[in-house]
>>> print(open('coords33.txt').read())   # compact mmCIF, C-alpha atoms and all ligand atoms
# COMPACT_ATOMS: atom_id res chain seq x y z
CA MET M 1 139.74 146.32 155.61
CA GLN M 2 136.56 147.68 154.04
CA LYS M 3 136.53 150.50 151.50
CA LEU M 4 133.96 152.55 149.65
CA ALA M 5 134.06 152.98 145.89
CA ILE M 6 132.22 156.08 144.73
CA GLN M 7 131.42 156.94 141.14
CA GLY M 8 131.19 160.72 141.02
CA GLY M 9 128.84 162.94 139.07
CA TYR M 10 125.42 161.89 140.37
CA ARG M 11 123.08 164.38 142.05
CA LEU M 12 121.41 163.49 145.33
CA ASN M 13 117.65 163.46 145.05
CA GLY M 14 114.89 162.30 147.34
CA GLU M 15 114.03 161.90 151.01
CA VAL M 16 116.19 160.57 153.84
CA ARG M 17 115.33 159.90 157.48
CA ILE M 18 117.79 161.32 159.99
CA SER M 19 118.96 158.95 162.72
CA GLY M 20 119.26 159.54 166.44
CA ALA M 21 122.26 161.63 167.46
CA LYS M 22 125.44 159.70 168.26
CA ASN M 23 126.70 162.43 170.58
CA ALA M 24 123.43 162.43 172.54
CA ALA M 25 122.96 158.65 172.57
CA LEU M 26 126.41 157.90 174.05
CA PRO M 27 126.14 160.08 177.20
CA ILE M 28 122.48 159.13 177.68
CA MET M 29 123.41 155.42 177.57
CA CYS M 30 126.00 156.14 180.30
CA ALA M 31 123.25 157.77 182.37
CA SER M 32 121.75 154.27 182.75
CA LEU M 33 124.59 153.61 185.25
CA LEU M 34 123.01 156.15 187.61
CA VAL M 35 119.98 154.05 188.45
CA ALA M 36 119.01 150.47 189.38
CA ASP M 37 115.73 150.69 187.40
CA ASP M 38 115.15 150.28 183.66
CA LEU M 39 116.13 153.12 181.31
CA HIS M 40 114.36 152.62 178.00
CA LEU M 41 115.89 154.52 175.08
CA SER M 42 114.41 154.90 171.61
CA ASN M 43 115.79 156.41 168.39
CA LEU M 44 119.21 154.87 169.12
CA PRO M 45 121.32 154.93 165.95
CA ASP M 46 122.69 151.65 164.60
CA MET M 47 126.43 152.44 164.43
CA HIS M 48 129.72 151.14 165.83
CA ASP M 49 130.14 153.64 168.67
CA VAL M 50 126.70 152.76 170.02
CA HIS M 51 127.53 149.04 169.80
CA THR M 52 130.86 149.68 171.55
CA MET M 53 129.07 151.54 174.32
CA VAL M 54 126.58 148.65 174.71
CA LYS M 55 129.54 146.23 174.99
CA LEU M 56 131.25 148.42 177.56
CA LEU M 57 128.12 148.72 179.71
CA GLN M 58 127.50 144.96 179.43
CA GLN M 59 131.09 144.26 180.58
CA MET M 60 130.28 146.28 183.70
CA GLY M 61 127.22 144.16 184.40
CA VAL M 62 124.51 146.34 182.82
CA ARG M 63 121.74 144.21 181.28
CA VAL M 64 120.89 145.46 177.79
CA ASP M 65 117.80 144.28 175.89
CA SER M 66 118.01 145.63 172.35
CA GLU M 67 115.19 146.00 169.89
CA SER M 68 115.35 147.77 166.56
CA GLN M 69 116.46 151.39 167.21
CA ALA M 70 115.69 150.98 170.91
CA ALA M 71 117.12 149.33 174.00
CA THR M 72 116.40 148.91 177.68
CA PHE M 73 119.33 149.29 180.05
CA ASN M 74 119.30 147.96 183.59
CA ALA M 75 122.24 148.69 185.88
CA ALA M 76 120.93 146.91 189.01
CA GLN M 77 123.78 144.37 188.98
CA VAL M 78 126.90 146.37 188.09
CA ASP M 79 129.95 144.48 189.37
CA LYS M 80 132.88 145.89 187.37
CA LEU M 81 133.56 149.60 187.79
CA GLU M 82 136.01 149.83 184.94
CA ALA M 83 136.35 151.09 181.35
CA PRO M 84 139.37 149.25 179.90
CA TYR M 85 141.93 150.74 177.51
CA ASP M 86 140.86 148.65 174.51
CA MET M 87 137.40 150.24 174.67
CA VAL M 88 138.41 153.82 175.51
CA LYS M 89 141.07 153.94 172.80
CA THR M 90 138.48 153.11 170.11
CA MET M 91 135.81 155.40 171.51
CA ARG M 92 136.81 158.40 173.61
CA ALA M 93 133.21 158.91 174.74
CA ALA M 94 133.79 155.92 177.08
CA ILE M 95 135.20 158.56 179.47
CA LEU M 96 131.52 159.38 180.10
CA VAL M 97 131.17 156.40 182.45
CA LEU M 98 133.53 158.09 184.93
CA GLY M 99 131.03 160.53 186.48
CA PRO M 100 128.09 158.11 186.73
CA LEU M 101 130.16 155.23 188.20
CA LEU M 102 131.87 157.42 190.75
CA THR M 103 128.73 159.18 191.96
CA ARG M 104 126.61 156.02 192.27
CA PHE M 105 129.15 153.40 193.35
CA GLY M 106 131.88 155.54 194.94
CA GLU M 107 134.60 154.20 192.64
CA ALA M 108 135.63 154.15 188.98
CA ARG M 109 138.65 153.00 187.00
CA VAL M 110 138.70 154.47 183.52
CA SER M 111 141.57 154.28 181.05
CA LEU M 112 143.06 157.56 179.89
CA PRO M 113 142.03 157.97 176.24
CA GLY M 114 145.52 158.65 174.82
CA GLY M 115 146.18 160.42 171.52
CA CYS M 116 143.70 161.16 168.79
CA ALA M 117 144.04 161.96 165.08
CA ILE M 118 142.51 165.42 165.48
CA GLY M 119 144.48 166.67 168.48
CA SER M 120 145.72 165.85 171.97
CA ARG M 121 142.24 165.88 173.56
CA PRO M 122 143.10 165.70 177.29
CA VAL M 123 140.49 165.01 180.01
CA ASP M 124 142.01 167.27 182.67
CA LEU M 125 138.81 169.31 183.01
CA HIS M 126 136.76 166.21 183.82
CA ILE M 127 139.28 165.28 186.51
CA LYS M 128 139.56 168.81 187.91
CA GLY M 129 135.78 169.04 188.27
CA LEU M 130 135.50 165.70 190.06
CA LEU M 131 138.32 166.70 192.42
CA ALA M 132 136.38 169.87 193.28
CA MET M 133 133.41 167.62 194.11
CA GLY M 134 135.50 165.74 196.68
CA ALA M 135 136.79 162.79 194.63
CA ASP M 136 140.14 161.24 195.39
CA ILE M 137 141.86 160.66 192.04
CA HIS M 138 145.10 158.91 191.13
CA ILE M 139 146.47 158.27 187.68
CA GLU M 140 148.07 154.83 187.73
CA HIS M 141 149.14 152.46 184.92
CA GLY M 142 147.37 154.65 182.33
CA TYR M 143 144.11 154.60 184.29
CA ILE M 144 142.16 157.25 186.17
CA HIS M 145 141.32 155.68 189.52
CA ALA M 146 138.69 157.75 191.32
CA THR M 147 137.06 157.11 194.67
CA ALA M 148 134.65 159.10 196.85
CA ALA M 149 132.37 158.21 199.78
CA ARG M 150 129.79 160.59 198.35
CA LEU M 151 130.54 163.46 196.01
CA HIS M 152 129.49 166.90 197.17
CA GLY M 153 128.20 169.85 195.21
CA ALA M 154 130.75 172.43 194.04
CA HIS M 155 131.06 175.63 192.06
CA ILE M 156 133.02 174.70 188.94
CA CYS M 157 134.10 177.10 186.22
CA PHE M 158 135.47 175.39 183.12
CA ASP M 159 138.70 176.94 181.77
CA LEU M 160 137.62 175.78 178.30
CA ILE M 161 134.23 174.79 176.99
CA SER M 162 134.09 170.98 176.96
CA VAL M 163 131.06 169.01 175.79
CA THR M 164 131.80 165.64 177.40
CA GLY M 165 133.39 167.46 180.38
CA THR M 166 130.08 169.24 181.02
CA GLU M 167 128.17 165.98 180.57
CA ASN M 168 130.42 163.96 182.89
CA LEU M 169 130.20 166.52 185.69
CA MET M 170 126.45 167.00 185.21
CA MET M 171 125.95 163.23 185.63
CA ALA M 172 128.25 163.18 188.66
CA ALA M 173 126.35 166.09 190.24
CA VAL M 174 122.85 164.63 189.97
CA LEU M 175 123.55 162.18 192.83
CA ALA M 176 126.02 164.39 194.75
CA GLU M 177 125.18 165.94 198.09
CA GLY M 178 124.14 169.58 197.66
CA ILE M 179 124.24 172.03 194.78
CA THR M 180 126.66 172.04 191.86
CA VAL M 181 127.02 175.03 189.56
CA LEU M 182 128.80 174.48 186.24
CA GLU M 183 129.99 177.75 184.73
CA ASN M 184 131.28 178.21 181.19
CA ALA M 185 129.39 174.99 180.47
CA ALA M 186 128.92 173.64 176.95
CA ARG M 187 125.60 174.74 175.40
CA GLU M 188 125.44 172.01 172.77
CA PRO M 189 121.95 170.56 172.11
CA GLU M 190 123.30 167.11 173.10
CA VAL M 191 124.03 168.48 176.61
CA VAL M 192 120.39 169.62 176.75
CA ASP M 193 119.20 166.20 175.56
CA LEU M 194 121.19 164.48 178.30
CA ALA M 195 119.82 166.94 180.88
CA ASN M 196 116.26 166.27 179.70
CA CYS M 197 116.78 162.52 180.06
CA LEU M 198 118.26 162.98 183.55
CA ILE M 199 115.30 165.19 184.50
CA ALA M 200 112.95 162.43 183.27
CA MET M 201 114.87 160.13 185.67
CA GLY M 202 114.19 162.48 188.60
CA ALA M 203 117.28 164.71 188.50
CA MET M 204 117.03 168.41 189.39
CA ILE M 205 118.80 170.42 186.69
CA GLU M 206 118.32 173.98 185.55
CA GLY M 207 120.01 176.01 182.86
CA ALA M 208 121.10 173.28 180.41
CA GLY M 209 121.57 175.00 177.06
CA SER M 210 122.97 178.12 178.76
CA ASP M 211 126.52 178.56 180.00
CA THR M 212 125.51 178.10 183.65
CA ILE M 213 123.96 174.81 184.72
CA THR M 214 122.72 174.32 188.27
CA ILE M 215 122.20 170.81 189.61
CA VAL M 216 120.64 170.02 192.97
CA GLY M 217 121.80 166.54 193.98
CA VAL M 218 119.16 163.96 194.89
CA ALA M 219 119.57 160.71 196.86
CA LYS M 220 118.21 158.47 194.13
CA LEU M 221 116.96 158.52 190.53
CA HIS M 222 114.32 156.31 188.95
CA GLY M 223 113.80 154.60 185.59
CA ALA M 224 112.44 156.41 182.54
CA SER M 225 111.72 156.17 178.82
CA TYR M 226 113.47 158.66 176.60
CA ARG M 227 113.74 159.33 172.86
CA VAL M 228 117.18 160.45 171.66
CA MET M 229 117.23 163.69 169.61
CA PRO M 230 118.00 163.69 165.86
CA ASP M 231 121.60 163.91 164.71
CA ARG M 232 122.39 167.46 163.65
CA ILE M 233 125.76 166.48 162.18
CA GLU M 234 124.26 163.70 160.07
CA SER M 235 121.62 166.24 158.96
CA GLY M 236 124.29 168.76 158.03
CA THR M 237 126.37 166.13 156.23
CA PHE M 238 123.47 165.11 153.94
CA LEU M 239 122.60 168.75 153.25
CA VAL M 240 126.18 169.60 152.29
CA ALA M 241 126.33 166.48 150.10
CA ALA M 242 123.16 167.58 148.31
CA ALA M 243 124.47 171.14 147.88
CA ALA M 244 127.83 169.93 146.54
CA THR M 245 126.22 167.56 144.00
CA GLY M 246 123.64 170.13 142.84
CA GLY M 247 120.86 167.96 144.25
CA CYS M 248 117.46 168.34 145.84
CA ILE M 249 116.75 166.45 149.06
CA THR M 250 114.44 166.45 152.06
CA LEU M 251 115.53 165.34 155.51
CA THR M 252 112.82 163.92 157.74
CA ASP M 253 112.76 163.42 161.54
CA THR M 254 115.27 166.21 162.02
CA ARG M 255 115.38 169.61 163.75
CA ALA M 256 116.20 172.89 162.07
CA ASP M 257 116.34 174.90 165.33
CA ILE M 258 119.70 173.34 166.27
CA LEU M 259 121.24 173.83 162.82
CA ASP M 260 120.95 177.61 162.45
CA ASN M 261 124.58 178.28 161.70
CA VAL M 262 124.92 175.38 159.26
CA LEU M 263 121.73 176.35 157.41
CA ASP M 264 122.91 179.98 157.18
CA LYS M 265 126.20 178.85 155.66
CA LEU M 266 124.34 176.63 153.18
CA ARG M 267 122.16 179.58 152.17
CA GLU M 268 125.39 181.55 151.57
CA THR M 269 126.45 178.85 149.09
CA GLY M 270 123.30 179.63 147.10
CA ALA M 271 121.21 176.68 148.30
CA LEU M 272 117.47 177.15 148.70
CA ILE M 273 116.36 175.88 152.07
CA ASN M 274 112.88 175.25 153.28
CA VAL M 275 111.94 174.17 156.80
CA CYS M 276 108.59 172.63 157.64
CA GLY M 277 108.16 171.02 161.08
CA ASP M 278 110.68 168.20 161.40
CA ARG M 279 111.62 168.33 157.70
CA ILE M 280 114.37 170.33 156.01
CA SER M 281 114.53 170.57 152.21
CA LEU M 282 117.47 171.79 150.20
CA GLU M 283 117.70 172.52 146.52
CA MET M 284 120.84 173.61 144.69
CA THR M 285 120.37 174.79 141.14
CA SER M 286 123.76 176.36 140.45
CA ARG M 287 127.44 175.85 141.24
CA PRO M 288 127.87 176.50 144.99
CA LEU M 289 129.55 179.71 146.10
CA ALA M 290 132.55 179.29 148.41
CA VAL M 291 131.82 180.03 152.10
CA SER M 292 134.26 181.06 154.80
CA LEU M 293 133.71 179.83 158.33
CA ARG M 294 135.22 179.63 161.79
CA THR M 295 134.47 176.75 164.13
CA ALA M 296 133.58 177.48 167.75
CA PRO M 297 131.44 175.99 170.54
CA TYR M 298 127.66 175.92 170.03
CA PRO M 299 125.74 177.98 168.94
CA ALA M 300 128.59 178.93 166.57
CA PHE M 301 129.66 176.78 163.62
CA PRO M 302 130.36 173.16 164.70
CA THR M 303 133.84 171.69 164.27
CA ASP M 304 132.11 168.42 163.33
CA MET M 305 130.86 170.10 160.10
CA GLN M 306 134.15 171.75 159.10
CA ALA M 307 135.50 168.92 156.93
CA GLN M 308 132.25 168.51 154.97
CA PHE M 309 132.12 172.25 154.14
CA MET M 310 135.77 172.08 153.14
CA ALA M 311 134.86 169.40 150.56
CA LEU M 312 132.07 171.62 149.22
CA ASN M 313 134.41 174.61 149.02
CA THR M 314 136.89 172.67 146.89
CA ILE M 315 134.48 172.71 143.92
CA ALA M 316 132.75 176.03 144.73
CA GLU M 317 132.97 179.29 142.85
CA GLY M 318 135.47 181.64 144.50
CA SER M 319 137.69 181.15 147.51
CA ALA M 320 137.07 180.63 151.22
CA ILE M 321 138.91 180.76 154.52
CA VAL M 322 138.21 178.05 157.08
CA ILE M 323 139.47 178.55 160.63
CA GLU M 324 139.45 175.64 163.08
CA THR M 325 139.51 176.82 166.71
CA ILE M 326 138.46 173.69 168.64
CA PHE M 327 140.97 171.00 167.68
CA GLU M 328 144.63 171.64 166.89
CA ASN M 329 145.02 169.03 164.16
CA ARG M 330 141.70 168.81 162.40
CA PHE M 331 142.90 169.32 158.82
CA MET M 332 143.92 165.72 158.15
CA HIS M 333 141.38 165.53 155.30
CA VAL M 334 143.15 168.36 153.45
CA GLN M 335 146.00 166.20 152.13
CA GLU M 336 143.50 163.63 150.95
CA LEU M 337 141.33 166.27 149.24
CA GLN M 338 144.50 167.53 147.56
CA ARG M 339 144.95 164.04 146.07
CA LEU M 340 141.67 164.67 144.26
CA GLY M 341 143.01 167.95 142.89
CA ALA M 342 141.65 170.33 145.54
CA GLN M 343 143.52 173.61 145.93
CA ILE M 344 143.97 174.20 149.64
CA GLU M 345 146.74 175.90 151.58
CA ILE M 346 147.12 175.57 155.32
CA GLU M 347 148.79 177.94 157.71
CA GLY M 348 148.38 176.96 161.37
CA ASN M 349 144.69 176.60 162.10
CA THR M 350 143.63 178.36 158.88
CA ALA M 351 142.93 176.79 155.50
CA VAL M 352 142.52 178.82 152.33
CA ILE M 353 140.56 177.02 149.65
CA GLN M 354 140.42 178.10 146.03
CA GLY M 355 137.43 176.43 144.40
CA CYS M 356 138.21 174.55 141.20
CA ASP M 357 135.78 173.50 138.50
CA HIS M 358 136.25 169.79 139.07
CA LEU M 359 137.98 167.15 141.18
CA ASP M 360 139.48 163.93 139.80
CA GLY M 361 138.66 160.62 141.48
CA ALA M 362 141.56 158.91 143.29
CA ALA M 363 142.33 156.57 146.17
CA VAL M 364 142.12 158.37 149.52
CA MET M 365 142.37 157.44 153.17
CA ALA M 366 139.90 158.36 155.92
CA THR M 367 141.62 159.64 159.06
CA ASP M 368 138.73 160.39 161.40
CA LEU M 369 134.97 160.30 161.44
CA ARG M 370 134.07 163.65 159.90
CA ALA M 371 137.12 163.63 157.59
CA SER M 372 135.69 160.40 156.15
CA ALA M 373 132.39 162.14 155.46
CA SER M 374 134.19 164.95 153.63
CA LEU M 375 135.99 162.42 151.42
CA VAL M 376 132.70 160.72 150.57
CA ILE M 377 131.23 164.10 149.57
CA ALA M 378 134.32 164.90 147.51
CA GLY M 379 134.07 161.46 145.86
CA MET M 380 130.47 162.16 144.87
CA VAL M 381 131.48 165.35 143.03
CA ALA M 382 134.77 164.11 141.58
CA GLN M 383 135.04 162.78 138.04
CA ASP M 384 135.36 158.98 137.73
CA GLU M 385 135.94 156.72 140.70
CA THR M 386 137.14 157.59 144.22
CA VAL M 387 138.03 154.83 146.66
CA VAL M 388 137.90 155.74 150.35
CA ASP M 389 139.98 153.45 152.55
CA ARG M 390 139.72 152.96 156.36
CA ILE M 391 135.99 153.57 156.42
CA TYR M 392 135.72 152.03 159.88
CA HIS M 393 135.96 155.68 160.98
CA LEU M 394 132.78 156.42 159.03
CA ASP M 395 130.97 153.40 160.45
CA ARG M 396 131.68 154.61 163.97
CA GLY M 397 129.31 157.53 163.66
CA TYR M 398 127.04 157.31 160.59
CA GLU M 399 124.11 154.92 160.42
CA HIS M 400 124.04 152.91 157.15
CA ILE M 401 125.55 155.82 155.24
CA GLU M 402 126.09 154.12 151.90
CA ALA M 403 122.56 152.65 151.94
CA LYS M 404 121.12 156.11 152.63
CA LEU M 405 123.25 157.77 149.96
CA SER M 406 122.47 155.03 147.42
CA ALA M 407 118.75 155.51 148.04
CA LEU M 408 119.31 159.19 147.18
CA GLY M 409 120.94 158.27 143.86
CA ALA M 410 124.64 158.18 144.75
CA LYS M 411 126.72 155.45 143.09
CA ILE M 412 128.54 154.04 146.08
CA ARG M 413 129.49 150.49 147.02
CA ARG M 414 131.34 148.85 149.87
CA PHE M 415 134.00 146.22 149.26
CA ASN M 416 136.79 144.45 151.11
C1 LIG N 1 132.62 166.42 171.75
C2 LIG N 1 132.01 165.61 170.64
C3 LIG N 1 132.82 165.78 169.37
C4 LIG N 1 133.00 167.26 169.03
C5 LIG N 1 133.52 168.03 170.22
C6 LIG N 1 133.55 169.54 169.99
C7 LIG N 1 130.97 163.79 171.83
C8 LIG N 1 130.96 162.31 172.15
N1 LIG N 1 131.98 164.21 171.06
O1 LIG N 1 133.93 165.89 171.99
O2 LIG N 1 132.14 165.11 168.31
O3 LIG N 1 133.90 167.39 167.96
O4 LIG N 1 132.69 167.79 171.38
O5 LIG N 1 132.27 169.99 169.67
O6 LIG N 1 130.08 164.50 172.22
N2 LIG N 1 139.69 169.89 176.32
C9 LIG N 1 140.70 170.02 177.25
N3 LIG N 1 140.56 169.35 178.44
C10 LIG N 1 139.47 168.57 178.75
C11 LIG N 1 138.45 168.48 177.78
C12 LIG N 1 138.57 169.16 176.57
O7 LIG N 1 141.69 170.69 177.01
O8 LIG N 1 139.41 168.01 179.83
C13 LIG N 1 139.82 170.60 175.02
C14 LIG N 1 139.88 169.63 173.84
O9 LIG N 1 141.20 169.15 173.62
C15 LIG N 1 139.36 170.47 172.70
C16 LIG N 1 138.32 171.36 173.40
O10 LIG N 1 138.62 171.32 174.79
O11 LIG N 1 140.38 171.28 172.19
C17 LIG N 1 136.89 170.91 173.21
O12 LIG N 1 136.79 169.53 173.46
P1 LIG N 1 135.47 168.85 174.02
O13 LIG N 1 134.30 169.76 173.89
O14 LIG N 1 135.76 168.28 175.37
O15 LIG N 1 135.29 167.64 172.99
P2 LIG N 1 134.69 166.27 173.35
O16 LIG N 1 133.71 166.42 174.44
O17 LIG N 1 135.79 165.25 173.50
>>> encode(input="coords33.txt", output="structure tokens", more="lines below")
Ligand code: UD1
Amino acid sequence: MQKLAIQGGYRLNGEVRISGAKNAALPIMCASLLVADDLHLSNLPDMHDVHTMVKLLQQMGVRVDSESQAATFNAAQVDKLEAPYDMVKTMRAAILVLGPLLTRFGEARVSLPGGCAIGSRPVDLHIKGLLAMGADIHIEHGYIHATAARLHGAHICFDLISVTGTENLMMAAVLAEGITVLENAAREPEVVDLANCLIAMGAMIEGAGSDTITIVGVAKLHGASYRVMPDRIESGTFLVAAAATGGCITLTDTRADILDNVLDKLRETGALINVCGDRISLEMTSRPLAVSLRTAPYPAFPTDMQAQFMALNTIAEGSAIVIETIFENRFMHVQELQRLGAQIEIEGNTAVIQGCDHLDGAAVMATDLRASASLVIAGMVAQDETVVDRIYHLDRGYEHIEAKLSALGAKIRRFN
């Protein structure tokens, strides 16, 4: 199993290009199932989840021609309407093939995702929405088996805001008969990116980015070329790493307009932030101040940035309260941060962090994708060496992270 060894105490300095967004790329790749023509995607990040999604689509019969950071998908010859357990269990986003397969081919068999390190993460809202659109759904042998002659439009109000739930139903609705209204929809920028790609393919969608999305079903979509948006979580992760190490970095090919909350929190730590077009610069000249935060659906503070800010808070001046409202078990990184000397107390979904003046390097274990990022940040500020084990979590969702961090001056190496 691969690990990262990080020598702490080096400031991040320099420029780094932000990759395409994992959470936009994955649903957009699934949208290729909606059409028999070519869907050409650029700015695809080179990371495990994207490779897993390519494999899954290929298993179904989708032809994929990959170039560097781009690929053309053609789903003219799909012959297997199934996402097997071994794929879904490693990448929950595989559930996103359910809506497209069902609406275009009238059938889909998708494994239930099962448990997850950060919480139970059911898919009941996806299923409920498809039932409202006329699907016949049975859960058998751990699989969701859905059939429908043709889905019809429906008025669906989500009980809870779900990002992939909104995306799955939006993709199902684009080829359904009639009008679908999704209420209490997720407003995440990745939902908007998917909607924009679908619109480029001929779909009729209004309201993406608000909590009510209206989709008028069409009989057929056509091929398109689409560039995936920049990754706001990768952007935020590098900015927090720079702030924690007292560094000075510039992100290129990114977007500040979708990072408002994260940038505000970074300013609260004392970081100087400058935005110019698609570039964001951050400079930290003093010890960071601790910042309290509460995760919530977009546009509020993203749960996918909670662990990284927790790492920053561990060495900040003062104390902070971090409240996690999206996932029930997303404090797995806390015990690992404590191994480095962090002072954190947890009560339910609330963590109280007392900043200390230094962390001590130690061996730690990554438990999920963003927890891994927080341990890498902590390793960069800790004294001596930190070894992060189980970094396959990190490789799932960050493109060439140690190469990017090394180029910024971090002392980080991968070994077996
Ligand atoms: C997506 C993101 C993930 C991010 C999360 C929250 C992708 C590929 N992943 O995950 O990185 O952390 O949004 O911003 O885009 N829920 C239900 N029933 C459902 C669906 C969700 O109860 O059918 C609950 C979940 O357990 C969770 C909450 O709703 O507590 C939000 O989950 P959701 O937005 O669906 O997360 P994902 O789409 O899986």
>>> closest_residue(input="coords33.txt", among="M:Phe238, M:Phe301, M:Tyr10, M:Phe331", to="ligand LIG 1 (chain N)", atoms="only C-alpha atoms and all ligand atoms")
M:Phe301
>>> residues_near_ligand(input="coords33.txt", ligand="ligand LIG 1 (chain N)", cutoff="6 Å", atoms="all atoms listed in the file", output="ChimeraX atom specification")
/M:23,93,120-126,160-165,303-304,326-327
>>> axis_aligned_box(input="coords33.txt", around="region 47-57 of chain M", padding_each_side="6 Å", output="lines of an AutoDock Vina configuration file")
center_x = 128.8
center_y = 149.9
center_z = 172.1
size_x = 16.8
size_y = 19.4
size_z = 27.3
>>> residues_around(input="coords33.txt", residues="region 25-36 of chain M", least_positions_apart="2", cutoff="9 Å", atoms="only C-alpha atoms", output="number ranges by chain")
M: 20-23, 38-41, 43-45, 49-50, 53-54, 57, 62, 73-78, 93-94, 96-97, 100-101, 103-105, 164, 167-168, 171-172, 174-175, 190-191, 193-195, 197-198, 201, 220-223, 228-229
>>> residues_around(input="coords33.txt", residues="Asp211 (chain M)", least_positions_apart="6", cutoff="6 Å", atoms="all atoms listed in the file", output="number ranges by chain")
M: 183-185
